[in-house]
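Engineer: Contents are compact mmCIF, C-alpha atoms; file name query.txt:
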```
# COMPACT_ATOMS: atom_id res chain seq x y z
CA MET A 1 -12.65 -28.06 35.41
CA LYS A 2 -14.57 -26.12 32.81
CA SER A 3 -13.23 -26.13 29.30
CA ARG A 4 -13.04 -22.76 27.69
CA VAL A 5 -15.28 -22.56 24.64
CA ARG A 6 -13.82 -20.65 21.74
CA THR A 7 -16.01 -19.54 18.91
CA THR A 8 -14.65 -19.66 15.40
CA ILE A 9 -15.21 -16.93 12.86
CA ALA A 10 -15.09 -18.81 9.57
CA THR A 11 -18.40 -20.18 8.41
CA LYS A 12 -17.35 -21.59 5.08
CA ASN A 13 -15.29 -24.55 4.01
CA CYS A 14 -12.21 -24.83 1.89
CA ASP A 15 -11.91 -23.09 -1.47
CA ASP A 16 -13.73 -20.12 -0.07
CA PRO A 17 -14.05 -17.68 -2.97
CA GLU A 18 -14.20 -14.76 -0.58
CA ILE A 19 -10.58 -15.15 0.47
CA ALA A 20 -9.07 -12.61 -1.89
CA TYR A 21 -6.90 -9.62 -1.20
CA LYS A 22 -9.47 -7.23 -2.69
CA ASN A 23 -12.20 -8.40 -0.32
CA THR A 24 -10.98 -6.28 2.57
CA GLU A 25 -14.23 -6.22 4.55
CA TYR A 26 -14.11 -10.01 4.82
CA LEU A 27 -10.41 -10.12 5.63
CA GLU A 28 -10.77 -7.57 8.42
CA LYS A 29 -12.75 -10.14 10.40
CA PHE A 30 -9.60 -12.20 10.77
CA LEU A 31 -7.45 -9.44 12.21
CA THR A 32 -7.03 -8.42 15.80
CA PRO A 33 -7.53 -4.75 16.72
CA GLN A 34 -3.74 -4.48 16.53
CA GLY A 35 -3.73 -5.80 12.98
CA GLN A 36 -2.36 -9.26 13.66
CA ILE A 37 -3.66 -12.29 11.79
CA LEU A 38 -5.77 -14.59 13.98
CA SER A 39 -4.61 -18.13 14.55
CA ARG A 40 -6.20 -21.12 12.91
CA ARG A 41 -7.68 -22.03 16.25
CA ARG A 42 -9.63 -18.78 16.24
CA THR A 43 -10.48 -18.58 12.56
CA GLY A 44 -11.60 -22.19 12.24
CA PHE A 45 -9.95 -22.56 8.85
CA CYS A 46 -8.19 -25.66 7.59
CA THR A 47 -4.49 -25.54 6.77
CA GLN A 48 -4.93 -24.60 3.12
CA CYS A 49 -7.53 -21.90 3.80
CA GLN A 50 -5.46 -20.40 6.58
CA LYS A 51 -2.54 -20.21 4.17
CA GLN A 52 -4.75 -18.53 1.56
CA LEU A 53 -5.95 -16.11 4.24
CA LYS A 54 -2.37 -15.28 5.25
CA THR A 55 -1.37 -14.63 1.63
CA ALA A 56 -4.44 -12.51 0.96
CA ILE A 57 -3.92 -10.36 4.05
CA LYS A 58 -0.25 -9.83 3.26
CA ARG A 59 -1.08 -8.84 -0.31
CA ALA A 60 -3.74 -6.43 0.93
CA ARG A 61 -1.23 -4.90 3.35
CA HIS A 62 1.30 -4.42 0.56
CA VAL A 63 -1.09 -2.40 -1.58
CA GLY A 64 -2.37 -0.32 1.32
CA LEU A 65 -5.79 -1.92 1.68
CA LEU A 66 -5.19 -3.26 5.19
CA PRO A 67 -3.00 -1.83 7.94
CA PHE A 68 0.18 -3.48 9.15
CA VAL A 69 -0.44 -2.25 12.69
CA GLY A 70 -3.65 -1.09 14.28
CA MET B 71 -0.79 -20.75 -23.74
CA THR B 72 0.58 -17.88 -21.75
CA GLN B 73 -0.13 -17.35 -18.11
CA LEU B 74 -2.77 -14.76 -17.20
CA TYR B 75 -1.72 -12.12 -14.70
CA GLU B 76 -3.59 -9.61 -12.60
CA THR B 77 -1.70 -6.37 -12.05
CA LEU B 78 -2.88 -3.86 -9.49
CA VAL B 79 -1.35 -0.41 -9.85
CA LEU B 80 -1.71 2.44 -7.38
CA LEU B 81 -1.55 5.73 -9.22
CA ASP B 82 -0.95 9.17 -7.84
CA ASN B 83 -4.22 11.11 -7.60
CA ASP B 84 -2.53 14.19 -9.06
CA VAL B 85 -2.21 12.37 -12.39
CA VAL B 86 -5.88 11.39 -12.30
CA ARG B 87 -6.89 14.98 -11.55
CA LYS B 88 -4.88 16.33 -14.46
CA ASP B 89 -6.05 13.90 -17.10
CA TRP B 90 -8.00 10.70 -16.66
CA LYS B 91 -6.98 9.24 -20.02
CA GLN B 92 -3.34 9.93 -19.38
CA ALA B 93 -3.59 8.17 -16.05
CA LYS B 94 -5.10 5.11 -17.63
CA ALA B 95 -2.51 5.22 -20.39
CA VAL B 96 0.27 4.89 -17.79
CA VAL B 97 -0.91 1.37 -17.06
CA LYS B 98 -1.96 0.42 -20.57
CA ASP B 99 1.18 1.68 -22.28
CA THR B 100 3.48 -0.05 -19.85
CA ILE B 101 1.78 -3.39 -20.49
CA THR B 102 1.76 -2.99 -24.27
CA LYS B 103 5.38 -1.80 -24.23
CA TYR B 104 6.39 -5.23 -22.96
CA ASP B 105 4.21 -7.08 -25.49
CA GLY B 106 1.56 -7.88 -22.93
CA ASP B 107 -1.69 -9.38 -24.16
CA LEU B 108 -4.04 -6.89 -22.50
CA LYS B 109 -7.45 -8.38 -21.74
CA SER B 110 -8.89 -5.58 -19.64
CA CYS B 111 -7.78 -2.51 -17.79
CA ARG B 112 -10.03 -0.45 -15.58
CA ARG B 113 -10.19 1.77 -12.54
CA TRP B 114 -10.93 -0.43 -9.57
CA ASP B 115 -11.35 2.14 -6.82
CA GLU B 116 -10.16 5.34 -5.25
CA ARG B 117 -9.62 5.05 -1.54
CA ARG B 118 -7.68 6.10 1.49
CA LEU B 119 -4.55 4.06 2.09
CA ALA B 120 -4.19 2.13 5.31
CA SER B 121 -0.69 3.57 5.68
CA PRO B 122 0.94 6.39 3.69
CA ILE B 123 2.83 5.41 0.55
CA LYS B 124 5.30 7.91 -0.90
CA ARG B 125 3.79 10.64 1.28
CA LYS B 126 0.30 10.11 -0.09
CA ASN B 127 -2.78 9.26 1.91
CA ARG B 128 -5.03 8.38 -1.01
CA ALA B 129 -4.53 6.65 -4.35
CA THR B 130 -6.43 5.46 -7.40
CA TYR B 131 -6.31 1.72 -7.97
CA PHE B 132 -6.13 0.36 -11.49
CA ILE B 133 -6.55 -3.32 -12.20
CA ALA B 134 -5.38 -4.95 -15.40
CA TYR B 135 -5.63 -8.52 -16.65
CA HIS B 136 -3.04 -9.48 -19.21
CA GLY B 137 -0.81 -12.20 -20.48
CA MET B 138 2.92 -11.69 -20.77
CA ASP B 139 6.00 -13.64 -21.72
CA THR B 140 7.98 -14.76 -18.72
CA ASP B 141 11.21 -13.15 -19.88
CA ARG B 142 9.55 -9.73 -20.22
CA ILE B 143 8.18 -9.63 -16.69
CA PRO B 144 11.33 -8.39 -14.86
CA GLY B 145 11.59 -5.43 -17.23
CA PHE B 146 7.89 -4.70 -16.86
CA LEU B 147 8.09 -4.69 -13.07
CA ARG B 148 11.22 -2.55 -13.15
CA ASP B 149 9.48 -0.05 -15.39
CA LEU B 150 6.60 0.23 -12.93
CA GLU B 151 9.07 0.55 -10.07
CA LEU B 152 10.85 3.47 -11.73
CA ASN B 153 7.68 5.29 -12.75
CA GLU B 154 7.16 8.19 -10.38
CA ARG B 155 3.43 8.31 -11.04
CA VAL B 156 3.03 4.75 -9.78
CA LEU B 157 2.93 4.64 -6.00
CA ARG B 158 2.94 0.86 -5.76
CA HIS B 159 2.17 -2.17 -7.90
CA MET B 160 1.47 -5.85 -7.46
CA MET B 161 1.34 -8.59 -10.06
CA VAL B 162 -0.21 -11.96 -9.27
CA LYS B 163 -1.03 -15.03 -11.30
CA VAL B 164 -4.71 -15.79 -11.87
CA ASP B 165 -6.36 -18.82 -13.37
CA ASP B 166 -8.97 -17.07 -15.46
CA LEU B 167 -10.59 -13.73 -16.06
CA PRO B 168 -13.28 -12.90 -13.47
CA GLU B 169 -16.87 -12.70 -14.54
CA LYS B 170 -18.13 -9.29 -15.61
CA GLU B 171 -14.58 -7.99 -15.85
CA LEU B 172 -14.82 -7.42 -19.59
CA GLU B 173 -18.21 -5.77 -19.21
CA LEU B 174 -16.92 -3.39 -16.56
CA ALA B 175 -13.88 -2.55 -18.66
CA ALA B 176 -16.03 -1.91 -21.73
CA GLU B 177 -18.36 0.26 -19.67
CA GLU B 178 -15.43 2.37 -18.56
CA ASP B 179 -14.13 2.77 -22.10
CA GLY B 180 -17.48 4.25 -23.13
CA VAL B 181 -17.86 7.92 -23.91
CA ASP B 182 -20.35 8.51 -21.10
CA PHE B 183 -18.00 7.36 -18.38
CA VAL B 184 -17.04 10.19 -16.06
CA VAL B 185 -14.47 9.85 -13.29
CA ALA B 186 -15.22 11.65 -10.08
CA ALA B 187 -12.40 13.96 -9.03
CA PRO B 188 -10.41 12.48 -6.16
CA PRO B 189 -10.57 14.30 -2.82
CA GLU B 190 -7.90 16.88 -2.16
CA ASP B 191 -6.61 15.46 1.11
CA ASP B 192 -4.28 12.91 -0.44
CA ALA B 193 -0.97 14.55 0.36
CA ILE B 194 0.51 14.32 3.82
CA GLU B 195 0.88 17.68 5.47
CA ILE B 196 4.43 18.26 6.56
CA PRO B 197 4.60 20.64 9.53
CA GLU B 198 6.57 23.76 8.74
CA GLU B 199 9.63 24.31 10.86
CA ASP B 200 9.60 27.47 12.88
CA GLU B 201 12.37 29.76 11.66
CA ASN B 202 12.89 31.17 15.15
CA ASP B 203 13.88 27.75 16.41
CA GLU B 204 16.98 27.65 14.25
CA ASN B 205 18.53 30.77 15.80
CA ASP B 206 17.13 30.32 19.23
CA ASN B 207 20.00 29.27 21.47
CA SER B 208 18.21 29.93 24.70
CA ASP B 209 18.28 26.24 25.59
CA VAL B 210 22.05 26.05 25.20
CA PRO B 211 23.68 26.60 28.56
CA ASP B 212 26.02 29.52 28.85
CA ALA B 213 29.70 28.91 28.52
CA PRO B 214 31.51 28.60 31.82
CA PRO B 215 33.00 31.93 32.95
CA GLU B 216 36.63 32.31 32.16
CA ALA B 217 39.00 32.36 35.03
CA THR B 218 39.81 35.89 36.08
CA ALA B 219 42.96 37.19 37.50
CA ASP B 220 41.31 37.58 40.89
CA ALA B 221 40.22 33.99 41.09
CA PRO B 222 42.67 31.71 42.75
CA ALA B 223 44.52 29.47 40.32
CA PRO B 224 44.27 25.76 41.03
CA LYS B 225 47.29 24.48 42.75
CA ALA B 226 49.18 21.76 41.02
CA ASP B 227 50.46 20.11 44.17
CA ASP B 228 47.10 19.79 45.99
CA LYS B 229 47.04 16.04 45.65
CA ALA B 230 50.66 15.62 46.55
```
Using the file provided, produce a representation of the structure as structure tokens.
Structural biologist:
Amino acid sequence: MKSRVRTTIATKNCDDPEIAYKNTEYLEKFLTPQGQILSRRRTGFCTQCQKQLKTAIKRARHVGLLPFVG
Amino acid sequence: MTQLYETLVLLDNDVVRKDWKQAKAVVKDTITKYDGDLKSCRRWDERRLASPIKRKNRATYFIAYHGMDTDRIPGFLRDLELNERVLRHMMVKVDDLPEKELELAAEEDGVDFVVAAPPEDDAIEIPEEDENDENDNSDVPDAPPEATADAPAPKADDKA
């Protein structure tokens, strides 16, 4: 049975300075076309970085930089 | 040592169009009113919002770095909340001032700095209601015709 290979998006390690709510072009990579945050399995981030990503995206949504849906 | 905060304020583009200095003063004055130690305050960007906020499609973003006493923060946030010129605000803790932030703020305070006028399409267009629709009762079905004297009256003892 073939295992399904999933590619990860993140290329950097922890303490990634690019994970900030103002860096919307970078954050958009981790959203689905519907605006949902990708899982850690897809992003390739560790626990802490995924948490930073989640916080940054939610902050960006609050100030109208990223969409909630779509 | 007081904590350093980063406050992002979304201002109405109408205020920026009227007077740039007044728009910047909205942010600066609010911080100084609550004894904030203002490090820098500058225009970050002017962009289209991902979703409308207070019926506006575009806004001007101001970013300020300042220290503030903890007990003054609730009043400061409430003041921003009540200000009609502020569409939205967000205050987060930061460890230190970013590089080049002071330079950018100083550059903006210079005399030569000119702010480009924001585009005009920031307000959401509300479709006007057609006046004819209000008095148009064509969709309402007609009232049932009243019983006439010729029509036979329903008998009460039909079921009996």
Engineer: Mind checking which residues fall within 7 Å of Ile57 in chain A, counting all atoms listed in the file, ignoring those fewer than 3 positions away in the same chain, and posting them as a PyMOL selection string?
Structural biologist: chain A and resi 21+27+53-54+60-61
Engineer: Dump as JSON lines the rows for residues of chain A within 10 Å of chain B: closest atom pair and distance in Å with one decimal, only C-alpha atoms counted, ordered by chain and rising residue number.
Structural biologist:
```
{"residue": "A:Lys22", "atom": "CA", "partner": "B:Trp114", "partner_atom": "CA", "distance": 9.8}
{"residue": "A:Arg59", "atom": "CA", "partner": "B:Met160", "partner_atom": "CA", "distance": 8.2}
{"residue": "A:Ala60", "atom": "CA", "partner": "B:Ala120", "partner_atom": "CA", "distance": 9.6}
{"residue": "A:Arg61", "atom": "CA", "partner": "B:Ala120", "partner_atom": "CA", "distance": 7.9}
{"residue": "A:His62", "atom": "CA", "partner": "B:Met160", "partner_atom": "CA", "distance": 8.1}
{"residue": "A:Val63", "atom": "CA", "partner": "B:Arg158", "partner_atom": "CA", "distance": 6.7}
{"residue": "A:Gly64", "atom": "CA", "partner": "B:Leu119", "partner_atom": "CA", "distance": 5.0}
{"residue": "A:Leu65", "atom": "CA", "partner": "B:Ala120", "partner_atom": "CA", "distance": 5.7}
{"residue": "A:Leu66", "atom": "CA", "partner": "B:Ala120", "partner_atom": "CA", "distance": 5.5}
{"residue": "A:Pro67", "atom": "CA", "partner": "B:Ala120", "partner_atom": "CA", "distance": 4.9}
{"residue": "A:Phe68", "atom": "CA", "partner": "B:Ser121", "partner_atom": "CA", "distance": 7.9}
{"residue": "A:Val69", "atom": "CA", "partner": "B:Ser121", "partner_atom": "CA", "distance": 9.1}
{"residue": "A:Gly70", "atom": "CA", "partner": "B:Ala120", "partner_atom": "CA", "distance": 9.5}
```
Engineer: Rounded to one decimal place, report the CA of Asp99 in chain B-CA of Gln73 in chain B distance in Å.
Structural biologist: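 Atom-to-atom, CA of Asp99 in chain B and CA of Gln73 in chain B are spaced 19.5 Å apart.
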Engineer: Have a look at CA of Asn153 in chain B and CA of Ser110 in chain B and let me know their distance in Å, one decimal.
Structural biologist: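 CA of Ser110 in chain B lies 21.0 Å from CA of Asn153 in chain B.
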Engineer: So the first atom is CA of Asp141 in chain B and the second is CA of Glu154 in chain B; what is the distance between them in Å, to one decimal place?
Structural biologist: 23.7 Å
Engineer: Would you kindly return, as an NGL selection string, each protein, DNA or RNA residue with an atom no farther than 8 Å from any atom of Asp107 in chain B, considering only C-alpha atoms and excluding same-chain residues fewer than 6 positions away?
Structural biologist: :B and (101 or 136-138)
